[in-house]
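Trainee: Next up, query-v1.cif (mmCIF, C-alpha atoms).
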data_work
#
loop_
_atom_site.label_atom_id
_atom_site.label_comp_id
_atom_site.auth_asym_id
_atom_site.auth_seq_id
_atom_site.Cartn_x
_atom_site.Cartn_y
_atom_site.Cartn_z
CA MET A 26 0.00 0.00 0.00
CA ASP A 27 1.61 3.15 -1.24
CA ILE A 28 -0.46 6.32 -0.96
CA TRP A 29 2.19 8.89 -1.94
CA PHE A 30 0.98 10.28 -5.21
CA ASP A 31 3.06 10.32 -8.36
CA ALA A 32 2.95 13.04 -11.01
CA ARG A 33 -0.26 11.85 -12.68
CA SER A 34 -2.44 11.36 -9.61
CA GLY A 35 -0.85 14.43 -8.02
CA LEU A 36 -1.82 16.57 -11.00
CA ILE A 37 -5.37 15.28 -10.94
CA PHE A 38 -5.67 15.83 -7.19
CA LEU A 39 -4.23 19.34 -7.35
CA SER A 40 -6.67 20.18 -10.16
CA ALA A 41 -9.54 18.91 -8.00
CA VAL A 42 -8.32 20.99 -5.05
CA THR A 43 -8.07 24.06 -7.32
CA ILE A 44 -11.61 23.55 -8.58
CA PHE A 45 -12.88 23.06 -5.03
CA VAL A 46 -11.22 26.26 -3.79
CA GLY A 47 -12.47 28.19 -6.84
CA SER A 48 -16.01 26.95 -6.33
CA LEU A 49 -15.92 27.80 -2.64
CA ALA A 50 -14.63 31.30 -3.44
CA ALA A 51 -17.33 31.78 -6.09
CA ARG A 52 -19.98 30.65 -3.66
CA LEU A 53 -18.79 32.97 -0.89
CA ASN A 54 -18.45 35.83 -3.35
CA SER A 55 -22.00 35.37 -4.58
CA GLN A 56 -23.25 35.54 -1.00
CA ARG A 57 -21.47 38.83 -0.35
CA LYS A 58 -23.60 40.72 -2.88
CA PRO A 59 -26.18 42.97 -1.24
CA ALA A 60 -29.70 41.78 -1.57
CA PRO A 61 -31.88 43.83 -3.94
CA VAL A 62 -34.33 46.17 -2.33
CA LEU A 63 -37.76 44.82 -3.04
CA ALA A 64 -39.88 47.67 -1.73
CA PRO A 65 -39.02 51.39 -1.78
CA LYS A 66 -38.72 53.15 1.53
CA PRO A 67 -41.95 55.05 2.16
CA ALA A 68 -41.73 58.80 2.49
CA PRO A 69 -42.41 60.16 5.97
CA GLU A 70 -45.94 61.20 6.45
CA PRO A 71 -46.23 65.01 6.78
CA ALA A 72 -47.43 66.31 10.06
CA ARG A 73 -51.04 67.23 9.98
CA SER A 74 -51.45 70.92 10.62
CA LEU A 75 -54.32 72.46 12.48
CA ALA A 76 -55.17 74.71 9.52
CA ARG A 77 -55.91 71.77 7.25
CA ARG A 78 -58.00 70.05 9.82
CA PRO A 79 -61.55 69.53 8.54
CA ARG A 80 -63.94 71.78 10.19
CA ASN A 81 -66.10 70.28 12.82
CA ASP A 82 -69.31 71.86 13.86
CA ASN A 83 -68.72 71.03 17.51
CA ASP A 84 -65.49 73.06 17.65
CA ASP A 85 -67.27 76.10 18.93
CA MET B 6 -46.77 49.58 4.15
CA ASP B 7 -44.63 50.43 7.15
CA ASN B 8 -44.82 46.92 8.47
CA THR B 9 -43.71 45.23 5.24
CA LEU B 10 -40.03 46.24 5.34
CA PRO B 11 -38.95 44.33 8.45
CA VAL B 12 -40.97 41.37 7.22
CA LEU B 13 -39.18 41.49 3.87
CA HIS B 14 -35.78 41.61 5.59
CA PHE B 15 -36.77 38.72 7.80
CA GLU B 16 -37.99 36.68 4.83
CA ARG B 17 -34.81 37.43 2.87
CA ASN B 18 -32.64 36.21 5.74
CA ARG B 19 -34.81 33.16 6.13
CA VAL B 20 -34.46 32.38 2.41
CA ARG B 21 -30.68 32.78 2.68
CA GLU B 22 -30.48 30.48 5.69
CA TRP B 23 -32.72 27.96 3.95
CA ASN B 24 -30.47 28.03 0.87
CA ASP B 25 -27.40 27.45 3.04
CA SER B 26 -28.96 24.54 4.86
CA LEU B 27 -30.19 23.18 1.53
CA LEU B 28 -26.63 23.36 0.19
CA LEU B 29 -25.24 21.46 3.17
CA ARG B 30 -27.99 18.89 2.76
CA LYS B 31 -27.15 18.48 -0.91
CA ILE B 32 -23.46 17.96 -0.11
CA ALA B 33 -24.28 15.50 2.66
CA LEU B 34 -26.70 13.66 0.37
CA TRP B 35 -24.10 13.38 -2.35
CA LEU B 36 -21.36 12.23 0.01
CA PHE B 37 -23.60 9.66 1.66
CA PHE B 38 -25.71 8.31 -1.19
CA ALA B 39 -23.18 8.56 -4.02
CA ILE B 40 -19.76 8.06 -2.43
CA GLY B 41 -20.96 6.03 0.55
CA PHE B 42 -23.21 3.72 -1.44
CA ALA B 43 -20.55 3.29 -4.10
CA LEU B 44 -18.15 2.12 -1.37
CA LEU B 45 -20.65 -0.40 0.05
CA PRO B 46 -18.97 -3.40 -1.68
CA PHE B 47 -15.82 -2.61 0.25
CA LEU B 48 -17.81 -2.73 3.49
CA PHE B 49 -19.07 -6.19 2.59
CA ALA B 50 -15.56 -7.26 1.65
CA TRP B 51 -14.40 -6.04 5.03
CA THR B 52 -17.11 -8.04 6.81
CA ALA B 53 -16.08 -11.10 4.79
CA THR B 54 -12.68 -11.11 6.47
CA SER B 55 -14.28 -12.17 9.73
CA LEU B 56 -16.37 -14.90 8.11
CA GLY B 57 -14.00 -16.98 6.06
CA ASP B 58 -10.44 -17.77 5.31
CA THR B 59 -9.87 -14.82 3.00
CA LEU B 60 -6.67 -12.97 2.54
CA SER B 61 -7.37 -9.23 2.74
CA PRO B 62 -10.27 -9.03 0.26
CA ILE B 63 -10.31 -5.24 0.31
CA GLY B 64 -6.70 -5.11 -0.81
CA ALA B 65 -7.40 -7.69 -3.49
CA MET B 66 -10.42 -5.71 -4.73
CA ILE B 67 -8.44 -2.49 -4.92
CA GLU B 68 -5.53 -4.17 -6.67
CA GLN B 69 -7.94 -5.57 -9.26
CA GLY B 70 -9.15 -2.05 -10.00
CA SER B 71 -12.58 -1.95 -8.33
CA VAL B 72 -12.13 1.68 -7.30
CA TYR B 73 -11.72 2.63 -10.95
CA LEU B 74 -15.08 1.01 -11.65
CA ILE B 75 -16.68 3.04 -8.85
CA ILE B 76 -15.16 6.34 -9.94
CA VAL B 77 -16.44 6.37 -13.52
CA PRO B 78 -20.22 6.54 -12.83
CA LEU B 79 -19.59 9.12 -10.09
CA LEU B 80 -17.71 11.22 -12.64
CA GLY B 81 -20.61 10.77 -15.04
CA ASP B 82 -22.90 12.19 -12.37
CA ILE B 83 -20.58 15.17 -11.88
CA ILE B 84 -20.30 15.82 -15.63
CA GLY B 85 -24.08 15.73 -15.89
CA ARG B 86 -24.40 18.29 -13.10
CA VAL B 87 -21.87 20.57 -14.81
CA LEU B 88 -23.62 20.31 -18.17
CA MET B 89 -27.04 20.98 -16.66
CA LYS B 90 -25.95 24.37 -15.31
CA ARG B 91 -27.57 27.25 -17.12
CA ASP B 92 -24.68 29.73 -17.05
CA LYS B 93 -21.30 28.04 -17.39
CA ASP B 94 -17.99 29.80 -16.85
CA VAL B 95 -14.30 28.91 -17.16
CA LEU B 96 -14.27 26.99 -13.89
CA ASP B 97 -17.09 24.77 -15.13
CA LEU B 98 -15.20 24.10 -18.34
CA PHE B 99 -12.09 23.22 -16.31
CA THR B 100 -14.18 20.93 -14.10
CA PHE B 101 -15.62 19.22 -17.18
CA VAL B 102 -12.14 18.66 -18.67
CA VAL B 103 -10.67 17.32 -15.40
CA CYS B 104 -13.63 14.96 -14.93
CA LEU B 105 -13.32 13.73 -18.50
CA VAL B 106 -9.55 13.16 -18.14
CA LEU B 107 -10.06 11.37 -14.84
CA ALA B 108 -12.77 9.15 -16.32
CA ILE B 109 -10.60 8.27 -19.32
CA LEU B 110 -7.59 7.56 -17.08
CA SER B 111 -9.64 5.35 -14.75
CA THR B 112 -11.16 3.41 -17.63
CA PHE B 113 -7.79 3.02 -19.29
CA GLU B 114 -6.09 1.80 -16.10
CA PHE B 115 -8.94 -0.63 -15.39
CA GLY B 116 -8.61 -1.97 -18.90
CA ILE B 117 -4.85 -2.42 -18.44
CA LEU B 118 -5.41 -4.24 -15.12
CA THR B 119 -7.98 -6.56 -16.67
CA GLU B 120 -5.70 -7.28 -19.59
CA LEU B 121 -2.80 -8.03 -17.24
CA SER B 122 -4.91 -10.40 -15.18
CA HIS B 123 -6.07 -12.22 -18.32
CA ALA B 124 -2.46 -12.58 -19.41
CA HIS B 125 -1.60 -13.97 -15.93
CA ARG B 126 0.74 -11.11 -15.26
CA THR B 127 0.73 -8.91 -12.18
CA ALA B 128 0.53 -5.14 -11.98
CA ASN B 129 2.41 -2.98 -9.53
CA PRO B 130 0.03 -3.03 -6.52
CA GLY B 131 1.53 0.09 -4.98
CA ALA B 132 0.73 2.15 -8.07
CA VAL B 133 -2.83 0.82 -8.18
CA TRP B 134 -3.39 1.69 -4.50
CA ASN B 135 -1.86 5.09 -5.04
CA HIS B 136 -3.98 5.95 -8.07
CA SER B 137 -7.17 4.49 -6.56
CA ILE B 138 -6.97 6.53 -3.36
CA TRP B 139 -6.08 9.85 -4.99
CA TYR B 140 -8.56 9.42 -7.84
CA LEU B 141 -11.32 8.66 -5.34
CA LEU B 142 -10.43 11.68 -3.22
CA SER B 143 -10.35 13.85 -6.34
CA THR B 144 -13.77 12.58 -7.38
CA ALA B 145 -15.24 13.38 -3.95
CA LEU B 146 -13.72 16.88 -4.05
CA LEU B 147 -14.99 17.49 -7.59
CA GLY B 148 -18.50 16.44 -6.63
CA VAL B 149 -18.59 18.72 -3.61
CA ALA B 150 -17.14 21.55 -5.71
CA VAL B 151 -19.82 21.18 -8.39
CA ILE B 152 -22.60 21.20 -5.79
CA LEU B 153 -21.02 24.28 -4.16
CA LYS B 154 -20.75 26.06 -7.49
CA LYS B 155 -24.32 25.37 -8.52
CA ALA B 156 -25.75 28.17 -6.44
CA ASP B 157 -29.49 27.99 -6.09
#
As structure tokens - that is how I would like this structure written.
Mentor:
Amino acid sequence: MDIWFDARSGLIFLSAVTIFVGSLAARLNSQRKPAPVLAPKPAPEPARSLARRPRNDNDD
Amino acid sequence: MDNTLPVLHFERNRVREWNDSLLLRKIALWLFFAIGFALLPFLFAWTATSLGDTLSPIGAMIEQGSVYLIIVPLLGDIIGRVLMKRDKDVLDLFTFVVCLVLAILSTFEFGILTELSHAHRTANPGAVWNHSIWYLLSTALLGVAVILKKAD
């Protein structure tokens, strides 16, 4: 039993390691992208002024 | 409208977590049901050592090139996954070429081993062990890499 790789199996294994590292980097890089904003931020509602308040007959 | 934004953020994070767990599940499924099930004959060969008067059946199986036979359908699975991707890049092309070379090498070496055994000649067992182990490790790495790359 001899598990030390020669040139052929070493080349294949190093290629597999390269592909694995590249795929992992691509995966992590794709996760770093900011997620798209699905809904726009709503504008703040303007404060209701007393002048635009509908007139009520019971105010007096 | 005000209440939808936190919900959207929450849902987006949940989708991301679900995708991550799905990815880990896919890798675990592939390692267990493809690699593990392909190696089941070796488990039975190992159990056979305790049953009869056999002389290291696992070693004999590996030296006859059984690992090469296991590797080729696994590589076919990986090549199919690479080809089914919608947007392929250079890394996918490289993966395809390496898988193809590995499949051709494994088939070729298995053919040589079979021819040697038919001619009643012996191969170098150290080289067969060496190639079997590193080819199998490379196949497992390639499979995990393809599942990692296929982002869902």
Trainee: What is the distance, in Å and to one decimal place, between CA of Gly70 in chain B and CA of Gly131 in chain B?
Mentor: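 So the two atoms, CA of Gly70 in chain B and CA of Gly131 in chain B, lie 12.0 Å apart.
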Trainee: Where does the PyMOL selection byres ((chain B) within 7 of (chain A)) land in this file, that is, which residues does it pick, as a JSON list (two decimals) with C-alpha atoms, in the frame of the given file?
Mentor:
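Result file part21.json:
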[["chain", "number", "residue", "atom", "x", "y", "z"],
["B", 96, "LEU", "CA", -14.27, 26.99, -13.89],
["B", 100, "THR", "CA", -14.18, 20.93, -14.10],
["B", 131, "GLY", "CA", 1.53, 0.09, -4.98],
["B", 132, "ALA", "CA", 0.73, 2.15, -8.07],
["B", 134, "TRP", "CA", -3.39, 1.69, -4.50],
["B", 135, "ASN", "CA", -1.86, 5.09, -5.04],
["B", 136, "HIS", "CA", -3.98, 5.95, -8.07],
["B", 138, "ILE", "CA", -6.97, 6.53, -3.36],
["B", 139, "TRP", "CA", -6.08, 9.85, -4.99],
["B", 140, "TYR", "CA", -8.56, 9.42, -7.84],
["B", 143, "SER", "CA", -10.35, 13.85, -6.34],
["B", 146, "LEU", "CA", -13.72, 16.88, -4.05],
["B", 147, "LEU", "CA", -14.99, 17.49, -7.59],
["B", 150, "ALA", "CA", -17.14, 21.55, -5.71],
["B", 153, "LEU", "CA", -21.02, 24.28, -4.16],
["B", 154, "LYS", "CA", -20.75, 26.06, -7.49],
["B", 156, "ALA", "CA", -25.75, 28.17, -6.44]]
Trainee: What is the distance between CA of Thr112 in chain B and CA of Val95 in chain B, in Å to one decimal?
Mentor: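 These two atoms are separated by 25.7 Å.
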Trainee: Name the closest residue to Leu141 in chain B among the candidates B:Thr52, B:Ser111, B:Ser61, B:Ser26; distances are taken between atoms, counting all atoms listed in the file.
Mentor: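 Once distances to Leu141 in chain B are computed over all atoms listed in the file, the minimum belongs to B:Ser111.
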Trainee: Using Å and a single decimal, report how far CA of Leu98 in chain B sits from CA of Phe113 in chain B.
Mentor: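 Spanning CA of Phe113 in chain B to CA of Leu98 in chain B is a straight-line distance of 22.4 Å.
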